[in-house]
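Read through the structure below, which is laid out as structure tokens, and then see the notes.
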Amino acid sequence: MQIFSTFEYSSYIELAVSDLERKGIKKEDIFIVPLNNRTENRRIFDSLHRSDGVSLIDLGMALATAFSVIGASIGFKLSWGPIYWGIISAFIGFILGLGIKLFIFKVIRKNQRLLRGKHSEVIIIVDCHAADAEAVEQTLWKNLALGVSKVGSDGEI
């Protein structure tokens, strides 16, 4: 039987492995795979087939609406009239909102992600007998595993 579990990269991995070795699991039956960190920056703009759920134009649209109302109101006193000034100020509001959102995502959120220190996870695969599976699973949970799954020798989960 194989037991798969994921951990955050921490000292709990070593504690889990030492607990498993004390319970009689051989070192050769424990396989640890660290996942690689992302090397490229995340894309800001979405494509037609991929979206991350983050909108860049929401603030731009809100500011475009607010600026167009103000521009149209002031436009009654200006030479081009309220329609032109409403469109011009809507465009200015949209560009300003888009610029603010781009600044937030490129500078502020990137710095927060670097400060938080997002580390990749580690996968531990343990080969054991079916009789030891429950003890191995409890040991992994006790050492703060993020997730645990058992796969039997006949492929059952």
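As shown in the structure tokens, the chain order sets the letters A, B, ...; within each chain, residues go from 1, and ligands are also counted from 1 in the order they appear.
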
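The residue set within 8 Å of segment 55-71 of chain A, counting only C-alpha atoms and dropping same-chain residues fewer than 3 places from it, reads Ile74, Gly75, Pro82, Trp85, Gly86, Ile87, Ile88, Ser89, Ala90, Phe91, Ile92, Gly93, Phe94, Ile95, Leu96, Gly97, Leu98, Lys101 and Leu102 of chain A.
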
Store the residues of this selection in a file with C-alpha atoms, as an mmCIF file, in the first residue's frame.
```
data_model
loop_
_atom_site.group_PDB
_atom_site.id
_atom_site.type_symbol
_atom_site.label_atom_id
_atom_site.label_comp_id
_atom_site.auth_asym_id
_atom_site.auth_seq_id
_atom_site.Cartn_x
_atom_site.Cartn_y
_atom_site.Cartn_z
ATOM 1 C CA ILE A 74 -18.468 70.767 -15.537
ATOM 2 C CA GLY A 75 -18.820 70.476 -19.319
ATOM 3 C CA PRO A 82 -21.039 68.113 -21.541
ATOM 4 C CA TRP A 85 -16.057 66.485 -21.561
ATOM 5 C CA GLY A 86 -17.913 63.488 -20.133
ATOM 6 C CA ILE A 87 -16.166 61.164 -22.627
ATOM 7 C CA ILE A 88 -12.772 62.787 -22.076
ATOM 8 C CA SER A 89 -13.055 62.574 -18.294
ATOM 9 C CA ALA A 90 -14.318 58.963 -18.493
ATOM 10 C CA PHE A 91 -11.212 58.061 -20.503
ATOM 11 C CA ILE A 92 -8.976 59.842 -17.968
ATOM 12 C CA GLY A 93 -10.719 58.041 -15.073
ATOM 13 C CA PHE A 94 -10.337 54.652 -16.761
ATOM 14 C CA ILE A 95 -6.624 55.184 -17.453
ATOM 15 C CA LEU A 96 -6.086 56.395 -13.877
ATOM 16 C CA GLY A 97 -7.911 53.350 -12.397
ATOM 17 C CA LEU A 98 -6.037 50.944 -14.649
ATOM 18 C CA LYS A 101 -4.498 48.558 -10.303
ATOM 19 C CA LEU A 102 -1.360 47.771 -12.309
#
```

- Message: When you count only C-alpha atoms, which of these residues is closest to Tyr9 of chain A: A:Leu146, A:Leu78, A:Phe105, A:Gly99?
- Response: A:Leu146

- Could you tell me which of A:Val148, A:Tyr84, A:Val136, A:Ser153 comes closest to Ser18 of chain A if we count only C-alpha atoms? A:Val136

- Message: Ranking A:Ala16, A:Val151, A:Ile104, A:Ala72 by minimum distance to Asp127 of chain A and counting only C-alpha atoms, which one comes first?
- Response: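 For Asp127 of chain A, the nearest of the candidates is A:Val151.
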
- Message: Residues within 12 Å of Lys142 of chain A, please, as a list in words. Count only C-alpha atoms; anything in the same chain fewer than 2 positions from it doesn't count.
- Response: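 That gives Phe7, Tyr12, Ile13, Leu15, Ala16, Val17, Asp19, Leu20, Ala135, Val136, Glu137, Gln138, Thr139, Leu140, Leu144, Ala145, Leu146, Gly147 and Val148 of chain A.
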
Could you name the residues that touch His129 of chain A at 6 Å or less, counting only C-alpha atoms, but leaving out those on the same chain fewer than 2 positions away, as a PDB file with N, CA, C and O atoms, in the first residue's frame?
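For reference, part.pdb as written:
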```
ATOM      1  N   MET A   1       0.847  -1.164   0.000  1.00  0.00           N
ATOM      2  CA  MET A   1       0.000   0.000   0.000  1.00  0.00           C
ATOM      3  C   MET A   1       0.901   1.238   0.000  1.00  0.00           C
ATOM      4  O   MET A   1       1.943   1.248   0.652  1.00  0.00           O
ATOM      5  N   ALA A 131      -1.502  -3.354   7.091  1.00  0.00           N
ATOM      6  CA  ALA A 131      -1.677  -3.348   8.542  1.00  0.00           C
ATOM      7  C   ALA A 131      -1.078  -2.078   9.170  1.00  0.00           C
ATOM      8  O   ALA A 131      -1.568  -1.603  10.202  1.00  0.00           O
ATOM      9  N   ASP A 132      -0.039  -1.537   8.560  1.00  0.00           N
ATOM     10  CA  ASP A 132       0.612  -0.338   9.095  1.00  0.00           C
ATOM     11  C   ASP A 132       0.017   0.954   8.563  1.00  0.00           C
ATOM     12  O   ASP A 132       0.394   2.036   9.008  1.00  0.00           O
TER      13      ASP A 132
END
```

- Task: Please measure the separation of atom CA of Asn36 of chain A and atom CA of Glu121 of chain A, giving the value in Å to one decimal.
- Result: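 Taking atom CA of Asn36 of chain A and atom CA of Glu121 of chain A, their separation equals 8.3 Å.
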
- Residues within 6 Å of Ile124 of chain A, only C-alpha atoms, excluding chain neighbours under 2 positions, as a list of chain:residue names: A:Phe4, A:Ser5, A:Phe31, A:Ile32

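Straight-line separation from atom CA of Val126 of chain A to atom CA of Trp141 of chain A: 13.4 Å.
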